[in-house]
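**Q** Here it is, the structure, as structure tokens.
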Amino acid sequence: MEELRFVRFRLKGETFFPDRPWISDITSLEAFADLADGADAFLIDGEGPVADGREFIRLVRSRWDSCAKPLFLPTSLGEEDDLLADCVVSSLDEALGRAREINARLAEVNGEALRESKDFRLLAYLFARPDGALRPYRYPFTPQVYGYPLADLLAGENGDTLFWIQTLKERGFLTRASLVDRIRLCPQCACSHLNYIDVCTNCGSIDIVRREFIHCFTCGRVGPSEDFVQENHLRCPFCSTRLRHLGSDYDHPLESYSCNACGHRFIEADVVAQCFCCRTRSRPDELTVKAINSYRISESGKTSARVGSLEDVYALLDSLNYVVPAYFTQLLDWLILLNQRYADEGLTLLALRFADLAPLSERIGRQRTIQLVDGLAGRLRQLIRSTDVSTRTALGTLWLLLPRTDAAGAQVLSRRIRELRKLAAEGLGVPVDFRMAAFTAPGDFIEGDNAARIMARLTGELES
Ligand SMILES: [Zn+2]
Ligand SMILES: [Zn+2]
Ligand SMILES: [Zn+2]
């Protein structure tokens, strides 16, 4: 088995691990750059100071060429830093075994893409550690409380990491591993530092006091108990009746709070959450509830890690008078109405579904896949008119809307597009497969059709 090359960061004091020929030692972060390039794994060793070890971990994880590589500790450096390293190891054999597993998986990922995109760095990191997860860490004094320190470092920029991770989840690259916490945020400014306060139900003042009241049966009035106390007996301050017996002369009403600001008496105070950041007051049910999760890489995330993200490759197709899907369907609806009134002018909708590019990209490489799709988009551009518009749904499904195109015209265009399949195949020696479905009004129009129905019908045809 080929030896791995370890770079060991030596702290001061006794080392935990013995010297080995395949371990190169460095004692300063400045020396890192010279050795990091060919290193397969990293190790921290020695007694301290821990702060130096922390800096080293951050350096490894923030460089694109070392960020996903194995990194081991001799002892825990604290919860936050342990999240950034692979694990604490008790022997070099253990480190070697673990490093081999991680590196074998890293060899499968597209190394160049690590430099290009933070999405890719995070996916590659998780891909190399299939049993690992992206875990949140608690920063109690920050507005959002939870952060993802590993993701922050891999991102290599000061962006909104929480939003980024959410986006990766929405795109299907990450899945929830476990629910860690549920927090409530100010609906105004998203800060979690909330002060729950009891306030007057009438004026909202916080200046309320809990008091015992007395209700005089003779005159029916209510007042604080202390106003009724005279020497050693109770007398009503309003009607001067002496109150002897609880239950027959007086009782204690349910109200037990009074407001020093407005004098209002009430049974239970309102509870509101006041934001420490922006001072907005919200009822507890108005607060934003946020789940804090740890995440795992999904199957589609694993594919992306191997071939790089293909989002941008499909996006090359958006150079054909692209409009957003919502506008596209509006336009189609309008053209259908127009077509029903002036049926002599045809209207054609073409749907093209490209085969999944991931396996293709795995086979011929990302760069050639980009060339292929770019070339195809260029050809398509030559075939359509400036009045035709396109949109893209479901990553690889391209829609072309061709006003004033009848069935004969649609056939000509379909044939030319089909020929592109052959051209693309000849150019690179690989087939790029796509399916096509067409709708032409008025011929294919079914009573009650609208854009959504027609597009759903064509999608069905593409899948059959
Ligand atoms: Zn009040
Ligand atoms: Zn009274
Ligand atoms: Zn706020």
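Here's how to read the names in the structure tokens: chain A, B, ... by the order shown, residue numbers from 1 in each chain, ligand numbers from 1 in the order shown.
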Residues within 10 Å of ligand 1, counting only C-alpha atoms and all ligand atoms: report them as a VMD selection string.
**A** chain A and resid 199 to 208 258 to 266
**Q** List all protein, DNA and RNA residues that have any atom at most 12 Å from ligand 3, counting only C-alpha atoms and all ligand atoms, and write the list as an mmCIF file with N, CA and C atoms, in the first residue's frame.
**A**
```cif
data_model
loop_
_atom_site.group_PDB
_atom_site.id
_atom_site.type_symbol
_atom_site.label_atom_id
_atom_site.label_comp_id
_atom_site.auth_asym_id
_atom_site.auth_seq_id
_atom_site.Cartn_x
_atom_site.Cartn_y
_atom_site.Cartn_z
ATOM 1 N N PRO A 143 -26.589 36.970 17.662
ATOM 2 C CA PRO A 143 -28.038 37.102 17.452
ATOM 3 C C PRO A 143 -28.698 35.801 16.991
ATOM 4 N N GLN A 144 -28.002 35.002 16.178
ATOM 5 C CA GLN A 144 -28.628 33.803 15.643
ATOM 6 C C GLN A 144 -28.349 32.557 16.473
ATOM 7 N N ARG A 184 -36.643 30.523 18.820
ATOM 8 C CA ARG A 184 -37.618 31.521 18.393
ATOM 9 C C ARG A 184 -36.905 32.847 18.161
ATOM 10 N N LEU A 185 -37.296 33.504 17.070
ATOM 11 C CA LEU A 185 -36.614 34.726 16.665
ATOM 12 C C LEU A 185 -37.595 35.877 16.559
ATOM 13 N N CYS A 186 -37.067 37.068 16.738
ATOM 14 C CA CYS A 186 -37.862 38.277 16.542
ATOM 15 C C CYS A 186 -38.333 38.321 15.087
ATOM 16 N N PRO A 187 -39.635 38.491 14.856
ATOM 17 C CA PRO A 187 -40.115 38.512 13.470
ATOM 18 C C PRO A 187 -39.646 39.762 12.712
ATOM 19 N N GLN A 188 -39.216 40.772 13.469
ATOM 20 C CA GLN A 188 -38.783 42.014 12.831
ATOM 21 C C GLN A 188 -37.332 41.937 12.345
ATOM 22 N N CYS A 189 -36.437 41.447 13.237
ATOM 23 C CA CYS A 189 -35.013 41.520 12.886
ATOM 24 C C CYS A 189 -34.300 40.169 12.992
ATOM 25 N N ALA A 190 -35.039 39.092 13.284
ATOM 26 C CA ALA A 190 -34.484 37.738 13.329
ATOM 27 C C ALA A 190 -33.455 37.527 14.439
ATOM 28 N N CYS A 191 -33.489 38.363 15.436
ATOM 29 C CA CYS A 191 -32.589 38.180 16.567
ATOM 30 C C CYS A 191 -33.231 37.221 17.569
ATOM 31 N N SER A 192 -32.393 36.424 18.216
ATOM 32 C CA SER A 192 -32.950 35.440 19.152
ATOM 33 C C SER A 192 -32.922 35.923 20.591
ATOM 34 N N HIS A 193 -32.363 37.083 20.795
ATOM 35 C CA HIS A 193 -32.252 37.576 22.163
ATOM 36 C C HIS A 193 -33.530 38.283 22.569
ATOM 37 N N LEU A 194 -34.411 37.493 23.168
ATOM 38 C CA LEU A 194 -35.735 37.989 23.480
ATOM 39 C C LEU A 194 -35.928 38.025 24.983
ATOM 40 N N ASN A 195 -36.624 39.041 25.417
ATOM 41 C CA ASN A 195 -36.923 39.189 26.835
ATOM 42 C C ASN A 195 -38.422 38.997 27.008
ATOM 43 N N ALA A 273 -42.853 39.057 24.093
ATOM 44 C CA ALA A 273 -41.410 38.887 23.914
ATOM 45 C C ALA A 273 -40.874 40.181 23.336
ATOM 46 N N GLN A 274 -40.007 40.822 24.088
ATOM 47 C CA GLN A 274 -39.434 42.071 23.589
ATOM 48 C C GLN A 274 -38.010 41.806 23.116
ATOM 49 N N CYS A 275 -37.744 42.208 21.881
ATOM 50 C CA CYS A 275 -36.444 41.943 21.267
ATOM 51 C C CYS A 275 -35.383 42.866 21.873
ATOM 52 N N PHE A 276 -34.274 42.276 22.315
ATOM 53 C CA PHE A 276 -33.195 43.084 22.860
ATOM 54 C C PHE A 276 -32.509 43.911 21.781
ATOM 55 N N CYS A 277 -32.628 43.468 20.536
ATOM 56 C CA CYS A 277 -31.928 44.178 19.462
ATOM 57 C C CYS A 277 -32.744 45.366 18.962
ATOM 58 N N CYS A 278 -33.996 45.111 18.564
ATOM 59 C CA CYS A 278 -34.741 46.202 17.915
ATOM 60 C C CYS A 278 -35.917 46.692 18.760
ATOM 61 N N ARG A 279 -36.091 46.122 19.956
ATOM 62 C CA ARG A 279 -37.140 46.534 20.904
ATOM 63 C C ARG A 279 -38.563 46.208 20.437
ATOM 64 N N THR A 280 -38.706 45.483 19.333
ATOM 65 C CA THR A 280 -40.050 45.117 18.885
ATOM 66 C C THR A 280 -40.674 44.167 19.899
ATOM 67 N N ARG A 281 -41.956 44.404 20.197
ATOM 68 C CA ARG A 281 -42.682 43.496 21.077
ATOM 69 C C ARG A 281 -43.547 42.574 20.235
ATOM 70 N N SER A 282 -43.501 41.281 20.538
ATOM 71 C CA SER A 282 -44.323 40.334 19.794
ATOM 72 C C SER A 282 -45.024 39.406 20.769
ATOM 73 N N LEU A 287 -43.717 34.978 17.066
ATOM 74 C CA LEU A 287 -42.270 34.808 16.873
ATOM 75 C C LEU A 287 -41.992 33.814 15.747
ATOM 76 N N THR A 288 -40.888 34.003 15.074
ATOM 77 C CA THR A 288 -40.486 33.070 14.020
ATOM 78 C C THR A 288 -39.849 31.845 14.664
#
```
**Q** Taking only C-alpha atoms into account, name the residue in A:Glu231, A:Ala343, A:Ala452, A:Leu43 that is nearest to A:Ala326.
**A**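 Looking only at the distances to A:Ala326, the closest residue turns out to be A:Ala452.
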**Q** Compile the contact shell of A:Tyr322 as a PyMOL selection string: residues with an atom at most 6 Å away, counting only C-alpha atoms, same-chain residues fewer than 4 positions apart removed.
**A** chain A and resi 318+389-391
**Q** Between A:Leu352, A:Cys219, A:Ala51, A:Ile214, which one has atoms that come closest to ligand 2, using only C-alpha atoms and all ligand atoms?
**A** A:Cys219
**Q** Tell me, counting only C-alpha atoms and all ligand atoms, for each residue of chain A within 9 Å of ligand 2, which pair of atoms is nearest and how far apart they are in Å to one decimal, in rows ordered by chain and increasing number, as a Markdown table.
**A**
```
| residue | atom | partner | partner_atom_place_in_ligand_line | distance |
| --- | --- | --- | --- | --- |
| A:His215 | CA | ligand 2 | 1 (Zn) | 7.8 |
| A:Cys216 | CA | ligand 2 | 1 (Zn) | 4.7 |
| A:Phe217 | CA | ligand 2 | 1 (Zn) | 6.6 |
| A:Thr218 | CA | ligand 2 | 1 (Zn) | 5.1 |
| A:Cys219 | CA | ligand 2 | 1 (Zn) | 4.1 |
| A:Gly220 | CA | ligand 2 | 1 (Zn) | 6.1 |
| A:Arg221 | CA | ligand 2 | 1 (Zn) | 5.8 |
| A:Val222 | CA | ligand 2 | 1 (Zn) | 8.1 |
| A:Arg235 | CA | ligand 2 | 1 (Zn) | 8.0 |
| A:Cys236 | CA | ligand 2 | 1 (Zn) | 4.6 |
| A:Pro237 | CA | ligand 2 | 1 (Zn) | 6.7 |
| A:Phe238 | CA | ligand 2 | 1 (Zn) | 5.1 |
| A:Cys239 | CA | ligand 2 | 1 (Zn) | 4.2 |
| A:Ser240 | CA | ligand 2 | 1 (Zn) | 6.2 |
| A:Thr241 | CA | ligand 2 | 1 (Zn) | 5.8 |
| A:Arg242 | CA | ligand 2 | 1 (Zn) | 8.5 |
| A:Leu243 | CA | ligand 2 | 1 (Zn) | 8.6 |
| A:Tyr250 | CA | ligand 2 | 1 (Zn) | 8.8 |
```
**Q** Save out the residues we just selected, N, CA and C atoms, as an mmCIF file, in the first residue's frame.
**A**
```cif
data_model
loop_
_atom_site.group_PDB
_atom_site.id
_atom_site.type_symbol
_atom_site.label_atom_id
_atom_site.label_comp_id
_atom_site.auth_asym_id
_atom_site.auth_seq_id
_atom_site.Cartn_x
_atom_site.Cartn_y
_atom_site.Cartn_z
ATOM 1 N N HIS A 215 -62.520 43.059 48.420
ATOM 2 C CA HIS A 215 -63.787 43.440 47.824
ATOM 3 C C HIS A 215 -64.795 43.588 48.964
ATOM 4 N N CYS A 216 -65.255 44.809 49.178
ATOM 5 C CA CYS A 216 -66.176 45.079 50.286
ATOM 6 C C CYS A 216 -67.599 44.727 49.851
ATOM 7 N N PHE A 217 -68.278 43.856 50.641
ATOM 8 C CA PHE A 217 -69.636 43.425 50.268
ATOM 9 C C PHE A 217 -70.667 44.523 50.494
ATOM 10 N N THR A 218 -70.380 45.440 51.421
ATOM 11 C CA THR A 218 -71.355 46.486 51.739
ATOM 12 C C THR A 218 -71.501 47.496 50.601
ATOM 13 N N CYS A 219 -70.347 48.011 50.121
ATOM 14 C CA CYS A 219 -70.452 49.008 49.050
ATOM 15 C C CYS A 219 -70.041 48.462 47.700
ATOM 16 N N GLY A 220 -69.487 47.285 47.712
ATOM 17 C CA GLY A 220 -69.165 46.626 46.433
ATOM 18 C C GLY A 220 -67.867 47.079 45.806
ATOM 19 N N ARG A 221 -67.126 47.969 46.485
ATOM 20 C CA ARG A 221 -65.900 48.454 45.845
ATOM 21 C C ARG A 221 -64.686 47.567 46.153
ATOM 22 N N VAL A 222 -63.677 47.738 45.324
ATOM 23 C CA VAL A 222 -62.473 46.916 45.441
ATOM 24 C C VAL A 222 -61.259 47.817 45.622
ATOM 25 N N ARG A 235 -61.053 47.972 57.756
ATOM 26 C CA ARG A 235 -62.193 48.860 57.588
ATOM 27 C C ARG A 235 -62.188 49.348 56.138
ATOM 28 N N CYS A 236 -63.376 49.375 55.526
ATOM 29 C CA CYS A 236 -63.452 49.784 54.123
ATOM 30 C C CYS A 236 -63.135 51.274 54.012
ATOM 31 N N PRO A 237 -62.138 51.699 53.217
ATOM 32 C CA PRO A 237 -61.789 53.119 53.097
ATOM 33 C C PRO A 237 -62.865 53.909 52.352
ATOM 34 N N PHE A 238 -63.803 53.207 51.697
ATOM 35 C CA PHE A 238 -64.823 53.924 50.905
ATOM 36 C C PHE A 238 -66.094 54.155 51.715
ATOM 37 N N CYS A 239 -66.575 53.073 52.403
ATOM 38 C CA CYS A 239 -67.843 53.222 53.124
ATOM 39 C C CYS A 239 -67.682 53.101 54.636
ATOM 40 N N SER A 240 -66.440 52.944 55.097
ATOM 41 C CA SER A 240 -66.103 52.879 56.520
ATOM 42 C C SER A 240 -66.693 51.686 57.267
ATOM 43 N N THR A 241 -67.304 50.748 56.583
ATOM 44 C CA THR A 241 -67.818 49.552 57.252
ATOM 45 C C THR A 241 -66.647 48.740 57.793
ATOM 46 N N ARG A 242 -66.810 48.238 58.991
ATOM 47 C CA ARG A 242 -65.768 47.371 59.538
ATOM 48 C C ARG A 242 -65.969 45.964 58.969
ATOM 49 N N LEU A 243 -64.900 45.391 58.483
ATOM 50 C CA LEU A 243 -64.994 44.084 57.826
ATOM 51 C C LEU A 243 -64.426 43.035 58.755
ATOM 52 N N TYR A 250 -66.517 40.450 53.340
ATOM 53 C CA TYR A 250 -65.626 40.812 52.225
ATOM 54 C C TYR A 250 -65.025 39.534 51.652
#
```
**Q** May I ask which of the residues A:Arg20, A:Arg8, A:Arg435, A:Arg105 is the closest one to A:Ile57, counting only C-alpha atoms?
**A** A:Arg8
**Q** Quick check for you: according to DSSP on this backbone, which residues of stretch 322-421 of chain A are classed as helix (DSSP H, G or I)? Reply as JSON, numbers by chain.
**A** {"A": [325, 326, 327, 328, 329, 330, 331, 332, 333, 334, 335, 336, 337, 338, 339, 340, 341, 357, 358, 359, 360, 361, 362, 363, 364, 366, 367, 368, 369, 370, 371, 372, 373, 374, 375, 376, 377, 378, 379, 380, 381, 382, 383, 407, 408, 409, 410, 411, 412, 413, 414, 415, 416, 417, 418, 419, 420, 421]}
**Q** What gap, in Å, lies between atom CA of A:Glu212 and atom CA of A:Leu254?
**A**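 Taking atom CA of A:Glu212 as the start and atom CA of A:Leu254 as the end point, the length is 9.2 Å.
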**Q** Contacts of A:Asp406 at 8 Å or less, counting only C-alpha atoms, minus same-chain residues fewer than 6 places along, as an MDAnalysis selection string?
**A** chainID A and resid 345:348 440:441
**Q** My list of candidates is A:Arg366, A:Arg404, A:Arg182, A:Lys118. Which is closest to A:Arg61 when distances are computed with only C-alpha atoms?
**A**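 Result for the nearest residue to A:Arg61: A:Lys118.
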**Q** Write out as a PyMOL selection string all residues of stretch 294-446 of chain A that DSSP puts in strand (DSSP E) for this structure's backbone.
**A** chain A and resi 294-297+347-354+389-393+397-403+434-441
**Q** Let's have the selection written as a short mmCIF file (atom, residue, chain, number, x, y, z; two decimals), in the first residue's frame, with C-alpha atoms.
**A**
```cif
data_model
loop_
_atom_site.label_atom_id
_atom_site.label_comp_id
_atom_site.auth_asym_id
_atom_site.auth_seq_id
_atom_site.Cartn_x
_atom_site.Cartn_y
_atom_site.Cartn_z
CA SER A 294 -27.41 18.85 11.57
CA TYR A 295 -27.09 17.82 7.92
CA ARG A 296 -25.86 14.91 5.91
CA ILE A 297 -25.01 14.74 2.23
CA LEU A 347 -48.66 28.51 -31.94
CA THR A 348 -46.11 25.88 -30.96
CA LEU A 349 -44.63 24.85 -27.65
CA LEU A 350 -41.62 22.54 -27.69
CA ALA A 351 -40.33 20.68 -24.66
CA LEU A 352 -36.81 19.27 -24.61
CA ARG A 353 -35.60 17.13 -21.79
CA PHE A 354 -31.89 16.57 -21.57
CA VAL A 389 -38.69 32.63 -25.92
CA SER A 390 -37.43 29.87 -23.68
CA THR A 391 -37.54 28.88 -20.06
CA ARG A 392 -36.17 26.01 -18.04
CA THR A 393 -37.87 23.91 -15.40
CA THR A 397 -36.13 20.56 -19.14
CA LEU A 398 -36.03 23.31 -21.73
CA TRP A 399 -39.20 24.91 -23.10
CA LEU A 400 -39.37 26.83 -26.36
CA LEU A 401 -42.38 28.99 -27.12
CA LEU A 402 -42.74 29.69 -30.83
CA PRO A 403 -45.47 32.17 -31.74
CA PHE A 434 -32.66 14.44 -25.19
CA ARG A 435 -36.32 13.78 -25.63
CA MET A 436 -38.76 16.08 -27.31
CA ALA A 437 -42.48 16.71 -27.17
CA ALA A 438 -44.49 19.30 -29.04
CA PHE A 439 -47.84 21.02 -28.83
CA THR A 440 -49.26 23.05 -31.70
CA ALA A 441 -52.43 25.10 -31.49
#
```
**Q** Near A:Glu47, within 10 Å and counting only C-alpha atoms, which residues show up once chain neighbours fewer than 3 positions away are dropped, as a PDB file with C-alpha atoms, in the first residue's frame?
**A**
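Dumped to result-v6.pdb:
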```
ATOM      1  CA  ARG A  10       4.244  20.375  16.612  1.00  0.00           C
ATOM      2  CA  LEU A  11       3.085  22.262  19.644  1.00  0.00           C
ATOM      3  CA  LYS A  12       5.360  22.681  22.637  1.00  0.00           C
ATOM      4  CA  GLY A  13       5.928  19.962  25.239  1.00  0.00           C
ATOM      5  CA  GLU A  14       5.855  16.195  24.967  1.00  0.00           C
ATOM      6  CA  THR A  15       4.503  14.631  21.821  1.00  0.00           C
ATOM      7  CA  PHE A  16       1.866  11.907  21.884  1.00  0.00           C
ATOM      8  CA  ILE A  44      -1.564  18.066  15.630  1.00  0.00           C
ATOM      9  CA  VAL A  50      -4.063  24.981  22.427  1.00  0.00           C
ATOM     10  CA  GLY A  53      -3.530  24.196  17.454  1.00  0.00           C
ATOM     11  CA  PRO A  74      -4.175  13.898  20.038  1.00  0.00           C
ATOM     12  CA  THR A  75      -6.767  15.216  22.517  1.00  0.00           C
TER      13      THR A  75
END
```
